[in-house]
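Okay, start-v1.txt is below, compact mmCIF, C-alpha atoms:
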```txt
# COMPACT_ATOMS: atom_id res chain seq x y z
CA MET A 1419 0.00 0.00 0.00
CA SER A 1420 2.71 2.45 0.89
CA THR A 1421 4.64 1.81 -2.33
CA GLN A 1422 1.37 2.41 -4.13
CA GLN A 1423 0.95 5.73 -2.37
CA THR A 1424 4.49 6.65 -3.26
CA LEU A 1425 3.82 5.89 -6.91
CA VAL A 1426 0.66 7.99 -6.88
CA GLN A 1427 2.44 10.86 -5.14
CA ARG A 1428 5.27 10.72 -7.64
CA TYR A 1429 2.85 10.74 -10.57
CA LEU A 1430 1.01 13.74 -9.13
CA GLN A 1431 4.25 15.59 -8.42
CA ASP A 1432 5.42 15.01 -11.99
CA PHE A 1433 2.04 16.10 -13.30
CA ARG A 1434 2.12 19.29 -11.24
CA SER A 1435 5.64 20.14 -12.33
CA TYR A 1436 4.66 19.90 -15.99
CA LEU A 1437 1.75 22.30 -15.41
CA GLY A 1438 4.26 25.07 -14.74
CA GLN A 1439 2.62 27.53 -17.12
CA LEU A 1440 -0.64 27.57 -15.18
CA GLY A 1441 -1.54 29.54 -12.08
CA GLU A 1442 -1.19 28.02 -8.64
CA GLN A 1443 -4.94 27.57 -8.19
CA ASP A 1444 -5.38 25.83 -11.53
CA ARG A 1445 -2.52 23.48 -10.80
CA SER A 1446 -3.89 22.52 -7.39
CA GLU A 1447 -7.35 21.98 -8.82
CA LEU A 1448 -6.12 19.78 -11.66
CA CYS A 1449 -3.93 17.73 -9.30
CA LEU A 1450 -6.84 17.24 -6.95
CA GLU A 1451 -9.02 16.08 -9.80
CA ILE A 1452 -6.46 13.56 -11.03
CA GLU A 1453 -5.84 12.40 -7.47
CA SER A 1454 -9.56 11.93 -7.05
CA HIS A 1455 -9.70 10.00 -10.32
CA ILE A 1456 -6.93 7.64 -9.21
CA HIS A 1457 -8.62 7.11 -5.88
CA GLU A 1458 -12.00 6.34 -7.48
CA ALA A 1459 -10.44 3.93 -9.96
CA LEU A 1460 -8.55 2.09 -7.21
CA SER A 1461 -11.70 1.92 -5.11
CA ALA A 1462 -13.49 0.38 -8.09
CA GLY A 1463 -10.91 -2.38 -8.00
CA HIS A 1464 -8.61 -1.43 -10.87
CA PRO A 1465 -4.91 -2.13 -10.34
CA LEU A 1466 -2.78 0.99 -10.00
CA ALA A 1467 -0.60 0.09 -12.98
CA ASP A 1468 -3.69 0.02 -15.23
CA VAL A 1469 -5.03 3.27 -13.83
CA LEU A 1470 -1.76 5.11 -14.43
CA GLU A 1471 -1.35 3.59 -17.85
CA ARG A 1472 -4.81 4.77 -18.88
CA LEU A 1473 -4.02 8.28 -17.66
CA GLY A 1474 -0.87 8.22 -19.76
CA PRO A 1475 2.52 9.72 -18.88
CA ALA A 1476 2.21 12.69 -16.51
CA LYS A 1477 3.94 14.90 -19.03
CA ARG A 1478 1.53 14.07 -21.82
CA LEU A 1479 -1.50 14.58 -19.61
CA ALA A 1480 -0.19 17.96 -18.46
CA LYS A 1481 0.51 18.97 -22.04
CA ALA A 1482 -2.99 18.01 -23.12
CA TYR A 1483 -4.35 20.24 -20.35
CA THR A 1484 -2.20 23.24 -21.18
CA ALA A 1485 -3.03 22.89 -24.87
CA GLU A 1486 -6.76 22.91 -24.09
CA ILE A 1487 -6.51 25.78 -21.65
CA PHE A 1488 -4.22 28.13 -23.55
CA LEU A 1489 -5.14 27.59 -27.16
CA ASP A 1490 -7.85 26.14 -29.24
CA ALA A 1491 -5.37 23.71 -30.74
CA PRO A 1492 -6.25 20.01 -30.60
CA ALA A 1493 -5.01 18.18 -27.52
CA GLY A 1494 -1.43 16.99 -27.62
CA GLN A 1495 -0.02 19.99 -29.41
CA GLY A 1496 1.73 22.66 -27.37
CA PRO A 1497 1.75 26.31 -28.39
CA SER A 1498 3.61 26.70 -31.66
CA LEU A 1499 6.82 28.69 -31.89
CA ARG A 1500 5.01 31.24 -34.07
CA GLN A 1501 2.36 31.84 -31.42
CA LEU A 1502 4.98 32.24 -28.72
CA THR A 1503 7.00 34.61 -30.86
CA ARG A 1504 3.91 36.62 -31.58
CA ALA A 1505 3.03 36.90 -27.88
CA ALA A 1506 6.59 37.94 -27.05
CA GLY A 1507 6.52 40.50 -29.88
CA ILE A 1508 3.28 42.03 -28.67
CA LEU A 1509 4.61 42.22 -25.14
CA ALA A 1510 7.88 43.86 -26.19
CA GLY A 1511 6.19 46.25 -28.63
CA THR A 1512 3.55 47.43 -26.19
CA SER A 1513 6.10 47.83 -23.39
CA LEU A 1514 8.04 50.28 -25.55
CA SER A 1515 4.96 52.17 -26.67
CA SER A 1516 3.74 52.35 -23.07
CA LEU A 1517 7.07 53.73 -21.94
CA ILE A 1518 6.86 56.44 -24.59
CA LEU A 1519 3.15 57.25 -24.35
CA VAL A 1520 1.96 56.82 -20.79
CA PRO A 1521 4.18 59.23 -18.78
CA PRO A 1522 3.83 62.27 -21.13
CA LEU A 1523 0.11 61.75 -21.64
CA PHE A 1524 -0.41 61.49 -17.91
CA VAL A 1525 1.72 64.53 -17.05
CA VAL A 1526 0.24 66.65 -19.85
CA GLY A 1527 -3.27 65.45 -19.03
CA VAL A 1528 -3.21 66.16 -15.31
CA GLY A 1529 -0.99 69.26 -15.55
CA PHE A 1530 -2.87 71.00 -18.35
CA LEU A 1531 -6.28 70.16 -16.97
CA ALA A 1532 -5.39 71.50 -13.52
CA SER A 1533 -3.65 74.62 -14.91
CA GLY A 1534 -6.53 75.36 -17.26
CA ILE A 1535 -9.11 75.13 -14.52
CA LEU A 1536 -6.95 77.23 -12.20
CA ALA A 1537 -6.53 79.91 -14.90
CA VAL A 1538 -10.31 80.12 -15.43
CA VAL A 1539 -10.94 80.35 -11.69
CA LEU A 1540 -8.32 83.07 -11.20
CA ALA A 1541 -9.62 84.96 -14.24
CA LEU A 1542 -13.15 84.93 -12.83
CA ILE A 1543 -11.91 86.11 -9.43
CA SER A 1544 -9.93 88.92 -11.06
CA PHE A 1545 -12.93 89.90 -13.15
CA PHE A 1546 -15.21 90.26 -10.15
CA VAL A 1547 -12.57 91.65 -7.80
CA PRO A 1548 -10.41 93.86 -10.10
CA SER A 1549 -8.61 95.41 -7.12
CA LEU A 1550 -6.67 92.13 -6.69
CA VAL A 1551 -5.03 92.50 -10.09
CA THR A 1552 -2.09 94.67 -10.95
CA VAL A 1553 -1.66 95.38 -14.62
CA THR A 1554 1.87 96.59 -15.13
CA ASP A 1555 1.47 98.26 -18.48
CA ASN A 1556 -1.74 99.40 -20.03
CA ILE A 1557 -1.62 97.45 -23.27
CA ILE A 1558 -4.73 95.58 -22.20
CA SER A 1559 -7.65 96.54 -19.98
CA LYS A 1560 -8.39 94.59 -16.82
CA PRO A 1561 -11.67 93.01 -18.05
CA ALA A 1562 -10.03 92.10 -21.36
CA ALA A 1563 -7.14 90.44 -19.50
CA SER A 1564 -9.66 88.41 -17.48
CA ALA A 1565 -11.54 87.36 -20.62
CA LEU A 1566 -8.29 86.37 -22.33
CA ALA A 1567 -7.30 84.30 -19.29
CA VAL A 1568 -10.66 82.48 -19.37
CA VAL A 1569 -10.23 81.64 -23.05
CA LEU A 1570 -6.64 80.45 -22.60
CA GLY A 1571 -7.61 78.49 -19.47
CA VAL A 1572 -10.38 76.69 -21.33
CA VAL A 1573 -8.05 75.86 -24.24
CA ILE A 1574 -5.36 74.52 -21.90
CA ALA A 1575 -7.89 72.49 -19.92
CA LEU A 1576 -9.27 71.01 -23.17
CA VAL A 1577 -5.75 69.95 -24.22
CA GLY A 1578 -5.29 68.27 -20.82
CA TRP A 1579 -8.65 66.57 -21.09
CA GLY A 1580 -7.80 65.37 -24.58
CA ALA A 1581 -4.52 63.88 -23.35
CA LEU A 1582 -6.33 62.00 -20.57
CA ALA A 1583 -8.93 60.74 -23.05
CA LEU A 1584 -6.14 59.46 -25.31
CA LEU A 1585 -4.48 57.78 -22.36
CA ARG A 1586 -7.73 56.06 -21.47
CA ARG A 1587 -8.19 54.79 -25.01
CA TYR A 1588 -4.61 53.56 -25.15
CA LEU A 1589 -5.01 51.65 -21.87
CA ALA A 1590 -8.27 50.13 -23.08
CA PHE A 1591 -6.55 49.01 -26.29
CA LEU A 1592 -3.71 47.51 -24.24
CA THR A 1593 -6.12 45.59 -22.04
CA ARG A 1594 -7.95 44.20 -25.06
CA THR A 1595 -4.72 43.18 -26.79
CA TYR A 1596 -3.31 41.45 -23.72
CA ARG A 1597 -6.57 39.69 -23.03
CA ARG A 1598 -6.67 38.37 -26.58
CA THR A 1599 -3.02 37.31 -26.60
CA PHE A 1600 -2.84 35.68 -23.20
CA ALA A 1601 -6.44 34.49 -22.86
CA ALA A 1602 -6.57 31.69 -20.34
CA MET B 613 -0.62 7.18 -40.92
CA ASP B 614 -4.26 6.28 -41.36
CA LEU B 615 -5.91 8.22 -44.18
CA THR B 616 -8.92 9.20 -42.13
CA SER B 617 -7.26 9.57 -38.73
CA GLU B 618 -7.26 13.38 -38.69
CA TRP B 619 -10.84 13.57 -39.93
CA ASN B 620 -11.83 10.89 -37.47
CA SER B 621 -10.28 12.63 -34.47
CA GLN B 622 -11.92 15.95 -35.33
CA LEU B 623 -15.25 14.24 -35.75
CA ARG B 624 -14.96 12.33 -32.50
CA ARG B 625 -13.88 15.41 -30.63
CA GLY B 626 -16.98 17.31 -31.65
CA LEU B 627 -19.18 14.36 -30.81
CA LEU B 628 -17.43 13.92 -27.48
CA GLU B 629 -18.46 17.43 -26.47
CA PHE B 630 -22.01 16.51 -27.42
CA CYS B 631 -21.85 13.28 -25.39
CA ILE B 632 -20.41 15.00 -22.32
CA LEU B 633 -23.09 17.69 -22.33
CA SER B 634 -25.77 15.02 -22.71
CA LEU B 635 -24.31 12.94 -19.88
CA ILE B 636 -24.55 15.74 -17.34
CA GLU B 637 -27.74 17.28 -18.64
CA THR B 638 -30.08 16.04 -15.94
CA SER B 639 -27.76 15.46 -13.02
CA PRO B 640 -24.23 16.65 -12.24
CA ARG B 641 -21.52 14.02 -12.48
CA TYR B 642 -17.93 13.90 -11.32
CA GLY B 643 -14.95 13.26 -13.57
CA TYR B 644 -14.50 9.57 -12.89
CA GLU B 645 -18.18 8.88 -13.59
CA ILE B 646 -18.02 10.75 -16.89
CA VAL B 647 -14.84 8.97 -17.98
CA THR B 648 -16.24 5.56 -17.03
CA LYS B 649 -19.53 6.16 -18.85
CA LEU B 650 -17.74 7.28 -22.00
CA ALA B 651 -15.35 4.32 -21.83
CA GLU B 652 -18.39 2.04 -22.18
CA SER B 653 -18.48 3.12 -25.81
CA PRO B 654 -15.07 2.21 -27.22
CA GLN B 655 -16.03 3.76 -30.60
CA LEU B 656 -15.63 7.17 -28.99
CA ALA B 657 -12.02 6.37 -28.05
CA ALA B 658 -12.35 8.80 -25.19
CA GLY B 659 -9.58 8.05 -22.74
CA GLU B 660 -8.82 9.89 -19.53
CA GLY B 661 -6.11 11.87 -21.28
CA THR B 662 -8.70 13.30 -23.66
CA VAL B 663 -11.75 13.68 -21.47
CA TYR B 664 -10.28 15.50 -18.47
CA PRO B 665 -8.57 18.24 -20.49
CA LEU B 666 -11.70 18.57 -22.61
CA LEU B 667 -13.84 19.05 -19.50
CA ARG B 668 -11.52 21.84 -18.48
CA ARG B 669 -11.84 23.45 -21.91
CA LEU B 670 -15.62 23.25 -21.87
CA ARG B 671 -15.58 24.93 -18.49
CA LYS B 672 -13.31 27.66 -19.84
CA ASP B 673 -15.70 28.14 -22.76
CA GLY B 674 -18.54 28.61 -20.30
CA TRP B 675 -20.51 25.51 -21.27
CA LEU B 676 -20.04 23.79 -17.93
CA ASP B 677 -19.36 24.80 -14.42
CA THR B 678 -18.03 22.84 -11.53
CA PHE B 679 -18.38 22.43 -7.81
CA TRP B 680 -16.49 20.35 -5.30
CA GLN B 681 -18.12 17.89 -2.96
CA GLU B 682 -16.52 15.83 -0.22
CA SER B 683 -16.54 12.11 -0.89
CA VAL B 684 -17.06 9.53 1.82
CA SER B 685 -13.50 8.38 1.50
CA GLY B 686 -10.62 9.94 -0.36
CA PRO B 687 -10.21 13.35 -1.97
CA PRO B 688 -13.19 15.58 -2.82
CA ARG B 689 -14.91 15.07 -6.16
CA GLN B 690 -15.30 17.77 -8.75
CA TYR B 691 -18.81 17.71 -10.21
CA TYR B 692 -19.71 19.08 -13.61
CA ARG B 693 -23.04 20.52 -14.70
CA PRO B 694 -24.08 22.49 -17.78
CA THR B 695 -24.44 26.25 -17.58
CA PRO B 696 -27.50 27.88 -19.20
CA LEU B 697 -25.27 28.50 -22.22
CA GLY B 698 -24.28 24.81 -22.21
CA GLN B 699 -27.95 23.79 -22.17
CA GLN B 700 -28.60 26.06 -25.10
CA VAL B 701 -25.63 24.60 -26.97
CA LEU B 702 -26.83 21.07 -26.21
CA ARG B 703 -30.30 21.76 -27.63
CA ALA B 704 -28.77 23.22 -30.77
CA MET B 705 -26.40 20.26 -31.13
CA ARG B 706 -29.22 17.80 -30.72
CA GLN B 707 -31.20 19.39 -33.50
CA GLU B 708 -28.18 19.65 -35.75
CA TRP B 709 -27.22 16.04 -35.09
CA ALA B 710 -30.69 14.72 -35.91
CA GLN B 711 -30.72 16.61 -39.19
CA LEU B 712 -27.22 15.50 -40.01
CA VAL B 713 -27.94 11.83 -39.37
CA GLN B 714 -31.07 12.04 -41.47
CA ALA B 715 -29.22 13.68 -44.34
CA VAL B 716 -26.33 11.21 -44.25
CA ASN B 717 -28.64 8.20 -43.99
CA GLN B 718 -30.50 9.33 -47.03
CA PHE B 719 -27.34 8.91 -49.06
CA SER B 720 -25.73 5.96 -47.36
CA GLU B 721 -28.67 3.60 -47.19
CA GLY B 722 -28.34 1.58 -50.36
CA GLY B 723 -27.76 4.67 -52.51
CA ALA B 724 -31.50 5.33 -52.51
CA ASP B 725 -32.61 7.85 -55.10
CA PRO B 726 -34.89 10.38 -53.39
CA THR B 727 -36.74 11.31 -56.59
```
Rewritten as structure tokens:
Amino acid sequence: MSTQQTLVQRYLQDFRSYLGQLGEQDRSELCLEIESHIHEALSAGHPLADVLERLGPAKRLAKAYTAEIFLDAPAGQGPSLRQLTRAAGILAGTSLSSLILVPPLFVVGVGFLASGILAVVLALISFFVPSLVTVTDNIISKPAASALAVVLGVVIALVGWGALALLRRYLAFLTRTYRRTFAA
Amino acid sequence: MDLTSEWNSQLRRGLLEFCILSLIETSPRYGYEIVTKLAESPQLAAGEGTVYPLLRRLRKDGWLDTFWQESVSGPPRQYYRPTPLGQQVLRAMRQEWAQLVQAVNQFSEGGADPT
């Protein structure tokens, strides 16, 4: 009995080690299911050697699982080199584009939006409380300066908002691409 | 290599999905039960190494879901049952299969001329 248990444990260990690509929870679940299968078959009176032979080598069983889980390829075929290369390419390409796009879009988005709003608020304050404002030379009247600040503030805020909208779209695109590439 | 082996394995695979859904339609079953039932029909050539991974795939596709239940002795059993989507798929398959069999029979039975 104890040699039998050792054999079962070894089979399950092998099986688990070949499921390396899967998450911890998946691996535990699959091992438990196979363990349960072996137990049921032994309880039904089948000799262990037969049970293990019907399951096939641990490596092949694990490969059949990963093939079914990762790709829609028929069982027994692992991911092809082309598919792996493609996944690696997408990962590398999007990492670079993220590095280039995300920080500037974020900084411009938040900075411009905040500055724009601040400019509009200050312009409105200066319009209603002109005594707060000092105009150094008289090229432009105080109300005109306020109006100009409102217009500029709105433009700047719109640029910031646009940058944030772009960032959002880029992140959504990234999520979709990753989900499609690494669907599990 | 057998001339029809690729065609045969594709065909069996599709039918296996149909058989599994039918098996668990009315009451949930655990893996060993499903494997044993399918093994009663050697024509399906559905060994453990095919059926268990396929069950996992069908779960991933949202046709089945699973729950664990303690067994009297030994490790807990994972039960499978069809999701509403799986039931819908099964109904569609059943209809398709009946029509397919009818169409094929029409040609294969003694080359009968329908006119």
Query raised in the report: How far is it from CA of Gln707 in chain B to CA of Phe630 in chain B, in Å with one decimal?
Result: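 Taking CA of Gln707 in chain B and CA of Phe630 in chain B, their separation equals 11.4 Å.
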Find the nearest atom pair between each residue of chain B and chain A for residues within 8 Å, count only C-alpha atoms, give distances in Å to one decimal, sort rows by chain and ascending number, and present the table as CSV.
```
residue,atom,partner,partner_atom,distance
B:Gly643,CA,A:His1455,CA,7.0
B:Tyr644,CA,A:His1455,CA,5.5
B:Gly659,CA,A:Arg1472,CA,7.0
B:Glu660,CA,A:Leu1473,CA,5.4
B:Gly661,CA,A:Leu1473,CA,5.5
B:Thr662,CA,A:Ala1493,CA,7.2
B:Tyr664,CA,A:Tyr1483,CA,7.8
B:Pro665,CA,A:Tyr1483,CA,4.7
B:Leu666,CA,A:Glu1486,CA,6.7
B:Arg668,CA,A:Ile1487,CA,7.1
B:Arg669,CA,A:Glu1486,CA,5.6
B:Lys672,CA,A:Ile1487,CA,7.3
B:Gly686,CA,A:His1457,CA,6.5
B:Pro687,CA,A:Ser1454,CA,5.3
B:Pro688,CA,A:Ser1454,CA,6.7
B:Arg689,CA,A:Ser1454,CA,6.3
B:Gln690,CA,A:Glu1451,CA,6.6
```
Same residues, C-alpha atoms, saved as a PDB file, in the coordinates of the input:
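Below is the file that was written, again22.pdb:
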```pdb
ATOM      1  CA  GLY B 643     -14.950  13.260 -13.570  1.00  0.00           C
ATOM      2  CA  TYR B 644     -14.500   9.570 -12.890  1.00  0.00           C
ATOM      3  CA  GLY B 659      -9.580   8.050 -22.740  1.00  0.00           C
ATOM      4  CA  GLU B 660      -8.820   9.890 -19.530  1.00  0.00           C
ATOM      5  CA  GLY B 661      -6.110  11.870 -21.280  1.00  0.00           C
ATOM      6  CA  THR B 662      -8.700  13.300 -23.660  1.00  0.00           C
ATOM      7  CA  TYR B 664     -10.280  15.500 -18.470  1.00  0.00           C
ATOM      8  CA  PRO B 665      -8.570  18.240 -20.490  1.00  0.00           C
ATOM      9  CA  LEU B 666     -11.700  18.570 -22.610  1.00  0.00           C
ATOM     10  CA  ARG B 668     -11.520  21.840 -18.480  1.00  0.00           C
ATOM     11  CA  ARG B 669     -11.840  23.450 -21.910  1.00  0.00           C
ATOM     12  CA  LYS B 672     -13.310  27.660 -19.840  1.00  0.00           C
ATOM     13  CA  GLY B 686     -10.620   9.940  -0.360  1.00  0.00           C
ATOM     14  CA  PRO B 687     -10.210  13.350  -1.970  1.00  0.00           C
ATOM     15  CA  PRO B 688     -13.190  15.580  -2.820  1.00  0.00           C
ATOM     16  CA  ARG B 689     -14.910  15.070  -6.160  1.00  0.00           C
ATOM     17  CA  GLN B 690     -15.300  17.770  -8.750  1.00  0.00           C
TER      18      GLN B 690
END
```
Report task. Work out how far CA of Gln655 in chain B is from CA of Leu667 in chain B, in Å to one decimal. Result -> 19.0 Å
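The two atoms in question, CA of Gly1511 in chain A and CA of Glu1442 in chain A, are spaced 28.0 Å apart.
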Query raised in the report: Using all atoms listed in the file, which residues sit within 8 Å of Ser1533 in chain A once same-chain residues fewer than 5 positions away are excluded, as a list in words?
Result: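 Final neighbour list, sorted by chain and number: Gly1571, Ile1574 and Ala1575 of chain A.
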Regenerate range 651-674 of chain B at the level of N, CA and C atoms and dump it as a PDB file, in the coordinates of the input.
```pdb
ATOM      1  N   ALA B 651     -16.191   5.477 -21.486  1.00  0.00           N
ATOM      2  CA  ALA B 651     -15.350   4.320 -21.830  1.00  0.00           C
ATOM      3  C   ALA B 651     -16.208   3.114 -22.197  1.00  0.00           C
ATOM      4  N   GLU B 652     -17.498   3.140 -21.814  1.00  0.00           N
ATOM      5  CA  GLU B 652     -18.390   2.040 -22.180  1.00  0.00           C
ATOM      6  C   GLU B 652     -18.618   1.979 -23.683  1.00  0.00           C
ATOM      7  N   SER B 653     -18.357   3.097 -24.354  1.00  0.00           N
ATOM      8  CA  SER B 653     -18.480   3.120 -25.810  1.00  0.00           C
ATOM      9  C   SER B 653     -17.103   3.270 -26.426  1.00  0.00           C
ATOM     10  N   PRO B 654     -16.448   2.141 -26.727  1.00  0.00           N
ATOM     11  CA  PRO B 654     -15.070   2.210 -27.220  1.00  0.00           C
ATOM     12  C   PRO B 654     -14.960   2.961 -28.553  1.00  0.00           C
ATOM     13  N   GLN B 655     -16.075   3.044 -29.311  1.00  0.00           N
ATOM     14  CA  GLN B 655     -16.030   3.760 -30.600  1.00  0.00           C
ATOM     15  C   GLN B 655     -15.608   5.209 -30.408  1.00  0.00           C
ATOM     16  N   LEU B 656     -15.955   5.762 -29.224  1.00  0.00           N
ATOM     17  CA  LEU B 656     -15.630   7.170 -28.990  1.00  0.00           C
ATOM     18  C   LEU B 656     -14.145   7.373 -28.732  1.00  0.00           C
ATOM     19  N   ALA B 657     -13.460   6.291 -28.352  1.00  0.00           N
ATOM     20  CA  ALA B 657     -12.020   6.370 -28.050  1.00  0.00           C
ATOM     21  C   ALA B 657     -11.711   7.548 -27.143  1.00  0.00           C
ATOM     22  N   ALA B 658     -12.512   7.657 -26.084  1.00  0.00           N
ATOM     23  CA  ALA B 658     -12.350   8.800 -25.190  1.00  0.00           C
ATOM     24  C   ALA B 658     -11.647   8.359 -23.920  1.00  0.00           C
ATOM     25  N   GLY B 659     -10.344   8.424 -23.927  1.00  0.00           N
ATOM     26  CA  GLY B 659      -9.580   8.050 -22.740  1.00  0.00           C
ATOM     27  C   GLY B 659      -9.516   9.196 -21.751  1.00  0.00           C
ATOM     28  N   GLU B 660      -8.978   8.881 -20.569  1.00  0.00           N
ATOM     29  CA  GLU B 660      -8.820   9.890 -19.530  1.00  0.00           C
ATOM     30  C   GLU B 660      -8.031  11.102 -20.038  1.00  0.00           C
ATOM     31  N   GLY B 661      -6.992  10.809 -20.802  1.00  0.00           N
ATOM     32  CA  GLY B 661      -6.110  11.870 -21.280  1.00  0.00           C
ATOM     33  C   GLY B 661      -6.788  12.832 -22.241  1.00  0.00           C
ATOM     34  N   THR B 662      -7.934  12.431 -22.778  1.00  0.00           N
ATOM     35  CA  THR B 662      -8.700  13.300 -23.660  1.00  0.00           C
ATOM     36  C   THR B 662      -9.820  13.995 -22.895  1.00  0.00           C
ATOM     37  N   VAL B 663     -10.521  13.180 -22.082  1.00  0.00           N
ATOM     38  CA  VAL B 663     -11.750  13.680 -21.470  1.00  0.00           C
ATOM     39  C   VAL B 663     -11.481  14.758 -20.418  1.00  0.00           C
ATOM     40  N   TYR B 664     -10.516  14.507 -19.524  1.00  0.00           N
ATOM     41  CA  TYR B 664     -10.280  15.500 -18.470  1.00  0.00           C
ATOM     42  C   TYR B 664      -9.879  16.868 -19.026  1.00  0.00           C
ATOM     43  N   PRO B 665      -8.897  16.919 -19.931  1.00  0.00           N
ATOM     44  CA  PRO B 665      -8.570  18.240 -20.490  1.00  0.00           C
ATOM     45  C   PRO B 665      -9.753  18.878 -21.226  1.00  0.00           C
ATOM     46  N   LEU B 666     -10.550  18.041 -21.887  1.00  0.00           N
ATOM     47  CA  LEU B 666     -11.700  18.570 -22.610  1.00  0.00           C
ATOM     48  C   LEU B 666     -12.719  19.181 -21.643  1.00  0.00           C
ATOM     49  N   LEU B 667     -12.916  18.512 -20.511  1.00  0.00           N
ATOM     50  CA  LEU B 667     -13.840  19.050 -19.500  1.00  0.00           C
ATOM     51  C   LEU B 667     -13.387  20.437 -19.070  1.00  0.00           C
ATOM     52  N   ARG B 668     -12.079  20.553 -18.892  1.00  0.00           N
ATOM     53  CA  ARG B 668     -11.520  21.840 -18.480  1.00  0.00           C
ATOM     54  C   ARG B 668     -11.785  22.909 -19.537  1.00  0.00           C
ATOM     55  N   ARG B 669     -11.616  22.507 -20.812  1.00  0.00           N
ATOM     56  CA  ARG B 669     -11.840  23.450 -21.910  1.00  0.00           C
ATOM     57  C   ARG B 669     -13.301  23.878 -21.962  1.00  0.00           C
ATOM     58  N   LEU B 670     -14.195  22.916 -21.798  1.00  0.00           N
ATOM     59  CA  LEU B 670     -15.620  23.250 -21.870  1.00  0.00           C
ATOM     60  C   LEU B 670     -16.006  24.190 -20.729  1.00  0.00           C
ATOM     61  N   ARG B 671     -15.313  24.021 -19.599  1.00  0.00           N
ATOM     62  CA  ARG B 671     -15.580  24.930 -18.490  1.00  0.00           C
ATOM     63  C   ARG B 671     -15.077  26.325 -18.841  1.00  0.00           C
ATOM     64  N   LYS B 672     -13.896  26.376 -19.440  1.00  0.00           N
ATOM     65  CA  LYS B 672     -13.310  27.660 -19.840  1.00  0.00           C
ATOM     66  C   LYS B 672     -14.215  28.362 -20.852  1.00  0.00           C
ATOM     67  N   ASP B 673     -14.825  27.567 -21.748  1.00  0.00           N
ATOM     68  CA  ASP B 673     -15.700  28.140 -22.760  1.00  0.00           C
ATOM     69  C   ASP B 673     -17.058  28.542 -22.195  1.00  0.00           C
ATOM     70  N   GLY B 674     -17.280  28.213 -20.931  1.00  0.00           N
ATOM     71  CA  GLY B 674     -18.540  28.610 -20.300  1.00  0.00           C
ATOM     72  C   GLY B 674     -19.701  27.678 -20.577  1.00  0.00           C
TER      73      GLY B 674
END
```
